[in-house]
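Undergrad: Input: one structure, supplied below.
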Amino acid sequence: MTDAAPLDLRLAPMAGVTNVSFRLLARECGAGLLTSEEIDARALVEDNAHTREIARHLPEERPLAMQLLGADPDVLAEAARRLEAAGADAIDLNMGCPVAKIVAKGQGAALMRDPWRAAMIFRAMRKVVTVPLTIKIRGGWDERAPNAVEIARIAEDEGVDALTVHPRTRSQQFSGRAPWDVIGDVVAAVGIPVTGNGDVRSRADALAMQRATGCAAVMIGRGALGAPWIFCATPTTEDDRARIIRRHCVLIQEHLSERAAFLQLKKHLAWYSSGRPFGAHLRPALFAAPSAEAAQSLFWHHWHEGADPSMVKS
C-alpha cells in the first residue's frame with residue numbers, strides 16, 4: 001500500500017458529539033460511512049422525545065449507520081426494525097461503551113463477557129433487518145479475558161455483516177497505546193470486513209493501521225475532535241481549517257436548538273483551540289462566554305491574532 005492508496009475513513013460514534021451537525025461536517029470533509037451517537041434501544045421503542053432527537057438524521061448524511069445500545073434481544077430487534085424503517089443504511093450494535101452506568105445494565109462493553117447473550121442479540125436483530133448488521137467491539141472485558149476473536153467468530157456465524165474493533169479492553173478504557181495486533185487477529189479469524197479503530201490521529205496513522213492489521217477501513221473518533229479535516233484527502237491550510245470551523249458553527253446553529261447549539265459551540269471551539277497559542281487559557285474563557293456570539297468572537301480573535309484572551313473583551 002502506498003500513501004496514494006485510497007483510504008476508507010469512517011466517523012466513529014461518540015455520545016454527545018456525533019450529532020447531525022458533526023456528521024454533516026465529517027461527510028463534507030470526506031468521511032465515508034457515518035455512524036450516529038449511541039441510541040438507547042428501550043428509550044427508542046418507548047418513543048422517548050430525547051431519543052427521537054438523537055435518532056434524527058438527514059438524507060445528505062447517507063450512507064448512515066445507526067448505533068443501538070441495549071442488552072435485551074427482543075427490544076434491540078424492535079429498535080433495529082424501527083431504525084431501518086426510518087431510513088438507516090446499516091444497524092450497528094454497541095459492544096464497546098466502557099461507561100460504568102452502561103455496563104452496570106449489561107450493555108455496551110459488558111456484552112463482551114457474555115458471548116451467549118451476544119449471540120442471542122445478533123440472531124434476533126438479524127431476523128428483522130435487511131440492511132447490513134454490524135457490531136463495534138473491544139478487545140475484551142479485561143486483560144484476563146481478551147475475546148475479540150471469539151465474539152467476532154460468533155458474530156459471523158450469526159449473520160453479522162461486518163464489525164469494528166477497538167482493541168483496548170473495557171478495563172483499559174482509553175489508557176495506554178491501543179494494541180493494533182488485536183485488530184489483525186480478528187481480521188485473520190473471520191471472513192467479514194473488519195474496520196480498525198483506536199489511536200488514529202492522522203492519515204499517516206490510518207495507513208499504518210491498515211498496513212499493520214489488514215483492516216478494510218479505519219474508524220476515527222477522538223482523532224477527529226478539533227480536527228475534522230483528518231478526513232480530507234489532501235493537506236489543509238490554515239485558511240482551509242478556518243473555513244471548516246466556520247462551516248461547523250453554521251451547521252451547529254442550523255440543526256440544533258439554541259441551548260444545545262450554545263453548549264456544542266463552546267465544546268467544539270475548545271477542541272479547535274487545542275494546541276494553539278494561549279489555547280489552555282482560552283478554553284476557560286470560552287466556557288464562561290455569555291452567548292454563542294461572544295464565544296465565537298473570542299475564538300476568532302484568538303485564532304487570527306494569537307492574543308491572550310484575558311486581554312480580549314467579549
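For the C-alpha cells, the naming scheme is as follows: chains receive sequential letters (A, B, ...) according to their order of presentation, residues are indexed from 1 within each chain, and ligands are indexed from 1 in presentation order.
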Excluding region 65-78 of chain A and residues on its chain fewer than 5 positions from it, collect all residues at most 10 Å away from it, counting only C-alpha atoms, and give them as a short mmCIF file (atom, residue, chain, number, x, y, z; two decimals) with N, CA, C and O atoms, in the first residue's frame.

TA:
data_model
loop_
_atom_site.label_atom_id
_atom_site.label_comp_id
_atom_site.auth_asym_id
_atom_site.auth_seq_id
_atom_site.Cartn_x
_atom_site.Cartn_y
_atom_site.Cartn_z
N PRO A 13 -18.88 6.54 16.28
CA PRO A 13 -19.96 7.06 17.12
C PRO A 13 -19.39 7.57 18.44
O PRO A 13 -18.61 6.88 19.08
N LEU A 33 -18.58 6.10 5.56
CA LEU A 33 -19.74 5.74 6.37
C LEU A 33 -19.73 6.51 7.69
O LEU A 33 -18.74 6.54 8.40
N LEU A 34 -20.86 7.12 8.00
CA LEU A 34 -21.05 7.82 9.26
C LEU A 34 -21.84 6.93 10.21
O LEU A 34 -22.64 6.11 9.77
N THR A 35 -21.65 7.12 11.51
CA THR A 35 -22.43 6.38 12.49
C THR A 35 -22.99 7.36 13.51
O THR A 35 -22.28 8.27 13.96
N SER A 36 -24.24 7.16 13.88
CA SER A 36 -24.90 8.03 14.84
C SER A 36 -24.29 7.86 16.23
O SER A 36 -23.54 6.93 16.50
N GLU A 37 -24.67 8.77 17.12
CA GLU A 37 -24.43 8.52 18.55
C GLU A 37 -25.16 7.24 18.94
O GLU A 37 -26.08 6.80 18.26
N GLU A 38 -24.76 6.67 20.08
CA GLU A 38 -25.48 5.50 20.57
C GLU A 38 -26.93 5.87 20.90
O GLU A 38 -27.20 6.92 21.49
N ILE A 39 -27.84 5.03 20.49
CA ILE A 39 -29.28 5.25 20.69
C ILE A 39 -29.79 4.17 21.63
O ILE A 39 -29.66 2.96 21.33
N ASP A 40 -30.34 4.56 22.76
CA ASP A 40 -30.85 3.59 23.72
C ASP A 40 -32.05 2.87 23.11
O ASP A 40 -33.07 3.50 22.78
N ALA A 41 -31.94 1.55 22.95
CA ALA A 41 -32.97 0.79 22.26
C ALA A 41 -34.32 0.86 22.98
O ALA A 41 -35.37 1.05 22.34
N ARG A 42 -34.30 0.71 24.28
CA ARG A 42 -35.57 0.73 25.01
C ARG A 42 -36.23 2.11 24.94
O ARG A 42 -37.45 2.22 24.75
N ALA A 43 -35.43 3.15 25.08
CA ALA A 43 -35.99 4.50 25.01
C ALA A 43 -36.57 4.77 23.62
O ALA A 43 -37.60 5.45 23.49
N LEU A 44 -35.94 4.23 22.59
CA LEU A 44 -36.46 4.40 21.23
C LEU A 44 -37.81 3.70 21.08
O LEU A 44 -38.77 4.26 20.55
N VAL A 45 -37.88 2.47 21.57
CA VAL A 45 -39.12 1.71 21.47
C VAL A 45 -40.23 2.38 22.28
O VAL A 45 -41.41 2.34 21.89
N GLU A 46 -39.87 3.02 23.38
CA GLU A 46 -40.86 3.72 24.21
C GLU A 46 -41.15 5.13 23.72
O GLU A 46 -41.88 5.88 24.36
N ILE A 54 -31.98 12.26 19.07
CA ILE A 54 -30.68 11.64 18.80
C ILE A 54 -30.73 10.83 17.50
O ILE A 54 -29.77 10.79 16.73
N ALA A 55 -31.88 10.20 17.23
CA ALA A 55 -32.03 9.36 16.04
C ALA A 55 -32.35 10.15 14.78
O ALA A 55 -32.37 9.59 13.68
N ARG A 56 -32.57 11.46 14.92
CA ARG A 56 -32.90 12.27 13.75
C ARG A 56 -31.72 12.33 12.78
O ARG A 56 -30.58 12.49 13.19
N HIS A 57 -32.01 12.21 11.50
CA HIS A 57 -30.95 12.29 10.50
C HIS A 57 -31.49 12.87 9.21
O HIS A 57 -32.71 12.98 9.02
N LEU A 83 -35.49 1.58 13.19
CA LEU A 83 -34.45 2.41 12.59
C LEU A 83 -34.31 2.11 11.09
O LEU A 83 -34.12 3.03 10.29
N GLU A 84 -34.42 0.85 10.73
CA GLU A 84 -34.37 0.53 9.30
C GLU A 84 -35.55 1.17 8.57
O GLU A 84 -35.39 1.75 7.50
N GLY A 87 -35.01 4.71 7.73
CA GLY A 87 -34.02 5.05 6.71
C GLY A 87 -32.58 4.73 7.01
O GLY A 87 -31.68 5.12 6.24
N ALA A 88 -32.29 4.02 8.10
CA ALA A 88 -30.90 3.65 8.38
C ALA A 88 -30.35 2.76 7.28
O ALA A 88 -31.03 1.85 6.80
N ASP A 89 -29.12 3.02 6.87
CA ASP A 89 -28.47 2.20 5.84
C ASP A 89 -27.77 0.99 6.44
O ASP A 89 -27.43 0.05 5.73
N ALA A 90 -27.54 1.01 7.75
CA ALA A 90 -26.96 -0.12 8.47
C ALA A 90 -27.34 0.04 9.93
O ALA A 90 -27.59 1.16 10.40
N ILE A 91 -27.41 -1.07 10.64
CA ILE A 91 -27.67 -1.05 12.08
C ILE A 91 -26.44 -1.59 12.78
O ILE A 91 -25.95 -2.67 12.46
N ASP A 92 -25.94 -0.81 13.72
CA ASP A 92 -24.73 -1.18 14.46
C ASP A 92 -25.07 -1.41 15.92
O ASP A 92 -25.86 -0.67 16.51
N LEU A 93 -24.50 -2.43 16.51
CA LEU A 93 -24.70 -2.75 17.93
C LEU A 93 -23.48 -2.30 18.72
O LEU A 93 -22.35 -2.70 18.42
N ASN A 94 -23.71 -1.50 19.75
CA ASN A 94 -22.64 -1.02 20.62
C ASN A 94 -22.25 -2.12 21.61
O ASN A 94 -23.02 -2.46 22.49
N MET A 95 -21.04 -2.64 21.46
CA MET A 95 -20.48 -3.60 22.41
C MET A 95 -19.16 -3.08 22.98
O MET A 95 -18.33 -3.85 23.44
N GLY A 96 -19.00 -1.76 22.91
CA GLY A 96 -17.72 -1.20 23.33
C GLY A 96 -17.77 -0.12 24.38
O GLY A 96 -16.73 0.20 24.98
N CYS A 97 -18.94 0.46 24.64
CA CYS A 97 -19.00 1.57 25.60
C CYS A 97 -18.53 1.10 26.97
O CYS A 97 -19.07 0.15 27.54
N ILE A 102 -23.42 2.30 32.02
CA ILE A 102 -23.86 1.49 30.88
C ILE A 102 -23.57 0.01 31.13
O ILE A 102 -24.46 -0.84 30.99
N VAL A 103 -22.35 -0.29 31.52
CA VAL A 103 -22.01 -1.71 31.72
C VAL A 103 -22.74 -2.29 32.93
O VAL A 103 -22.98 -3.51 33.00
N LYS A 105 -25.75 -2.09 33.44
CA LYS A 105 -27.01 -2.61 32.89
C LYS A 105 -26.78 -3.80 31.96
O LYS A 105 -27.73 -4.29 31.34
N GLY A 106 -25.53 -4.25 31.86
CA GLY A 106 -25.22 -5.35 30.95
C GLY A 106 -25.09 -4.92 29.51
O GLY A 106 -25.07 -5.76 28.61
N GLN A 107 -24.98 -3.62 29.27
CA GLN A 107 -24.91 -3.08 27.93
C GLN A 107 -23.49 -2.72 27.54
O GLN A 107 -22.56 -2.79 28.33
N GLY A 108 -23.31 -2.28 26.30
CA GLY A 108 -22.01 -1.83 25.84
C GLY A 108 -20.96 -2.91 25.98
O GLY A 108 -21.16 -4.06 25.60
N ALA A 110 -20.09 -4.59 28.42
CA ALA A 110 -20.47 -5.74 29.25
C ALA A 110 -20.85 -6.95 28.41
O ALA A 110 -20.70 -8.09 28.85
N LEU A 111 -21.32 -6.72 27.19
CA LEU A 111 -21.68 -7.84 26.32
C LEU A 111 -20.46 -8.65 25.89
O LEU A 111 -20.60 -9.80 25.48
N ARG A 117 -25.34 -14.25 25.42
CA ARG A 117 -26.32 -13.19 25.21
C ARG A 117 -26.03 -12.44 23.91
O ARG A 117 -26.96 -12.08 23.17
N ALA A 118 -24.77 -12.21 23.65
CA ALA A 118 -24.41 -11.52 22.40
C ALA A 118 -24.93 -12.30 21.20
O ALA A 118 -25.49 -11.71 20.26
N ALA A 119 -24.76 -13.61 21.21
CA ALA A 119 -25.25 -14.44 20.10
C ALA A 119 -26.76 -14.33 19.95
O ALA A 119 -27.29 -14.26 18.83
N MET A 120 -27.49 -14.33 21.07
CA MET A 120 -28.94 -14.21 21.01
C MET A 120 -29.36 -12.85 20.42
O MET A 120 -30.33 -12.76 19.67
N ILE A 121 -28.60 -11.82 20.78
CA ILE A 121 -28.89 -10.49 20.24
C ILE A 121 -28.63 -10.45 18.74
O ILE A 121 -29.47 -9.96 17.96
N PHE A 122 -27.49 -10.97 18.32
CA PHE A 122 -27.19 -11.00 16.88
C PHE A 122 -28.30 -11.71 16.12
O PHE A 122 -28.77 -11.24 15.07
N ARG A 123 -28.73 -12.84 16.63
CA ARG A 123 -29.73 -13.65 15.95
C ARG A 123 -31.06 -12.92 15.87
O ARG A 123 -31.71 -12.89 14.81
N ALA A 124 -31.47 -12.30 16.97
CA ALA A 124 -32.75 -11.59 16.99
C ALA A 124 -32.75 -10.39 16.05
O ALA A 124 -33.73 -10.15 15.33
N MET A 125 -31.65 -9.64 16.02
CA MET A 125 -31.58 -8.47 15.16
C MET A 125 -31.48 -8.87 13.69
O MET A 125 -32.09 -8.25 12.82
N ARG A 126 -30.74 -9.94 13.43
CA ARG A 126 -30.58 -10.40 12.06
C ARG A 126 -31.91 -10.83 11.42
O ARG A 126 -32.13 -10.64 10.22
N LYS A 127 -32.80 -11.35 12.24
CA LYS A 127 -34.09 -11.83 11.73
C LYS A 127 -34.99 -10.71 11.24
O LYS A 127 -35.85 -10.94 10.39
N VAL A 128 -34.79 -9.50 11.78
CA VAL A 128 -35.76 -8.44 11.48
C VAL A 128 -35.25 -7.34 10.57
O VAL A 128 -36.03 -6.49 10.13
N VAL A 129 -33.96 -7.30 10.29
CA VAL A 129 -33.45 -6.24 9.42
C VAL A 129 -32.87 -6.83 8.14
O VAL A 129 -32.31 -7.93 8.15
N VAL A 131 -31.03 -4.52 6.05
CA VAL A 131 -29.81 -3.74 5.82
C VAL A 131 -28.65 -4.41 6.54
O VAL A 131 -28.86 -5.29 7.39
N PRO A 132 -27.41 -4.03 6.23
CA PRO A 132 -26.28 -4.63 6.93
C PRO A 132 -26.36 -4.48 8.44
O PRO A 132 -26.74 -3.41 8.95
N LEU A 133 -26.04 -5.56 9.14
CA LEU A 133 -25.98 -5.56 10.60
C LEU A 133 -24.52 -5.62 11.00
O LEU A 133 -23.78 -6.52 10.58
N THR A 134 -24.08 -4.67 11.80
CA THR A 134 -22.68 -4.60 12.19
C THR A 134 -22.57 -4.47 13.71
O THR A 134 -23.54 -4.16 14.39
N ILE A 135 -21.38 -4.70 14.23
CA ILE A 135 -21.14 -4.54 15.66
C ILE A 135 -19.83 -3.79 15.86
O ILE A 135 -18.95 -3.82 15.00
N LYS A 136 -19.72 -3.10 17.00
CA LYS A 136 -18.47 -2.44 17.38
C LYS A 136 -18.06 -3.02 18.72
O LYS A 136 -18.79 -2.91 19.70
#

Undergrad: If you run DSSP over the backbone, which residues in region 146-197 of chain A end up strand (DSSP E or B)? Put them as a ChimeraX atom specification.

TA: /A:146,162-166,194-197

Undergrad: Skip Arg27 (chain A) itself and residues of its chain fewer than 6 positions away, then list as a CSV table (one decimal) with C-alpha atoms, in the first residue's frame all residues within 10 Å of it, counting only C-alpha atoms.

TA:
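Output below, filename selection20.csv:
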chain,number,residue,atom,x,y,z
A,10,ARG,CA,-15.2,6.5,8.8
A,11,LEU,CA,-16.5,8.6,11.7
A,33,LEU,CA,-19.7,5.7,6.4
A,34,LEU,CA,-21.0,7.8,9.3
A,60,GLU,CA,-27.5,14.1,2.8
A,61,GLU,CA,-25.8,12.1,5.6
A,62,ARG,CA,-26.4,8.8,3.9
A,63,PRO,CA,-24.9,6.2,3.9
A,228,PRO,CA,-12.4,17.0,11.3
A,231,PHE,CA,-11.0,13.1,6.7
A,232,CYS,CA,-9.8,15.4,3.9

Undergrad: Can you measure CA of Ile137 (chain A) to CA of Ala49 (chain A) for me? One decimal in Å is fine.

TA: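 Spanning CA of Ile137 (chain A) to CA of Ala49 (chain A) is a straight-line distance of 28.0 Å.
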
Undergrad: Counting only C-alpha atoms, which residue out of A:Ala289, A:Cys29, A:Leu24, A:Ala224 sits closest to Leu64 (chain A)?

TA: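 Among the listed residues, A:Leu24 lies closest to Leu64 (chain A).
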
Undergrad: When you count only C-alpha atoms, which of these residues is closest to Asp47 (chain A): A:Ile192, A:Met112, A:Ala79, A:Val187?

TA: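 Going through A:Ile192, A:Met112, A:Ala79, A:Val187 one by one, the smallest distance to Asp47 (chain A) is for A:Ala79.
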
Undergrad: Can you tell me which residues surround Arg201 (chain A) at a distance of at most 9 Å, considering only C-alpha atoms, apart from same-chain residues fewer than 5 positions away, and format the answer as a VMD selection string?

TA: chain A and resid 206 220 to 224 227 230

Undergrad: Going by DSSP on the backbone, which bits of region 65-303 of chain A are alpha helix (DSSP H)? Write them as JSON, numbers by chain, please.

TA: {"A": [73, 74, 75, 76, 77, 78, 79, 80, 81, 82, 83, 84, 85, 100, 101, 102, 103, 115, 116, 117, 118, 119, 120, 121, 122, 123, 124, 125, 126, 127, 128, 148, 149, 150, 151, 152, 153, 154, 155, 156, 157, 181, 182, 183, 184, 185, 186, 187, 188, 189, 203, 204, 205, 206, 207, 208, 209, 210, 211, 212, 213, 238, 239, 240, 241, 242, 243, 244, 245, 246, 247, 248, 249, 250, 251, 252, 253, 254, 255, 258, 259, 260, 261, 262, 263, 264, 265, 266, 267, 268, 269, 270, 271, 272, 273, 279, 280, 281, 282, 283, 284, 285, 286, 287, 288, 292, 293, 294, 295, 296, 297, 298, 299, 300, 301, 302, 303]}

Undergrad: Taking into account only C-alpha atoms, which residue in the set A:Cys249, A:Ala285, A:Ala292, A:Ala100 is nearest to Phe262 (chain A)?

TA: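 Closest candidate: A:Ala292.
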
Undergrad: Extract, using only C-alpha atoms, all DNA, RNA and protein residues at most 10 Å from Arg177 (chain A), discarding same-chain residues fewer than 6 positions from it, and format them as a short mmCIF file (atom, residue, chain, number, x, y, z; two decimals) with N, CA and C atoms, in the first residue's frame.

TA:
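Contents of the output file out00.cif:
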data_model
loop_
_atom_site.label_atom_id
_atom_site.label_comp_id
_atom_site.auth_asym_id
_atom_site.auth_seq_id
_atom_site.Cartn_x
_atom_site.Cartn_y
_atom_site.Cartn_z
N PRO A 167 -9.27 -2.09 19.99
CA PRO A 167 -8.56 -3.21 20.61
C PRO A 167 -8.28 -3.12 22.10
N ARG A 168 -8.50 -1.97 22.73
CA ARG A 168 -8.34 -1.92 24.18
C ARG A 168 -9.47 -2.71 24.85
N GLY A 198 -8.85 3.17 16.94
CA GLY A 198 -8.02 3.34 18.11
C GLY A 198 -6.69 4.01 17.83
N ASP A 199 -6.47 5.18 18.41
CA ASP A 199 -5.20 5.92 18.29
C ASP A 199 -4.86 6.30 16.86
#

Undergrad: Give me the residues near Pro179 (chain A) as a ChimeraX atom specification, where near means some atom within 12 Å (using only C-alpha atoms) and where sequence neighbours in that chain fewer than 4 positions away do not count.

TA: /A:138-140,143,146,165-169,172,174-175,183-185,196-199,209,212-213
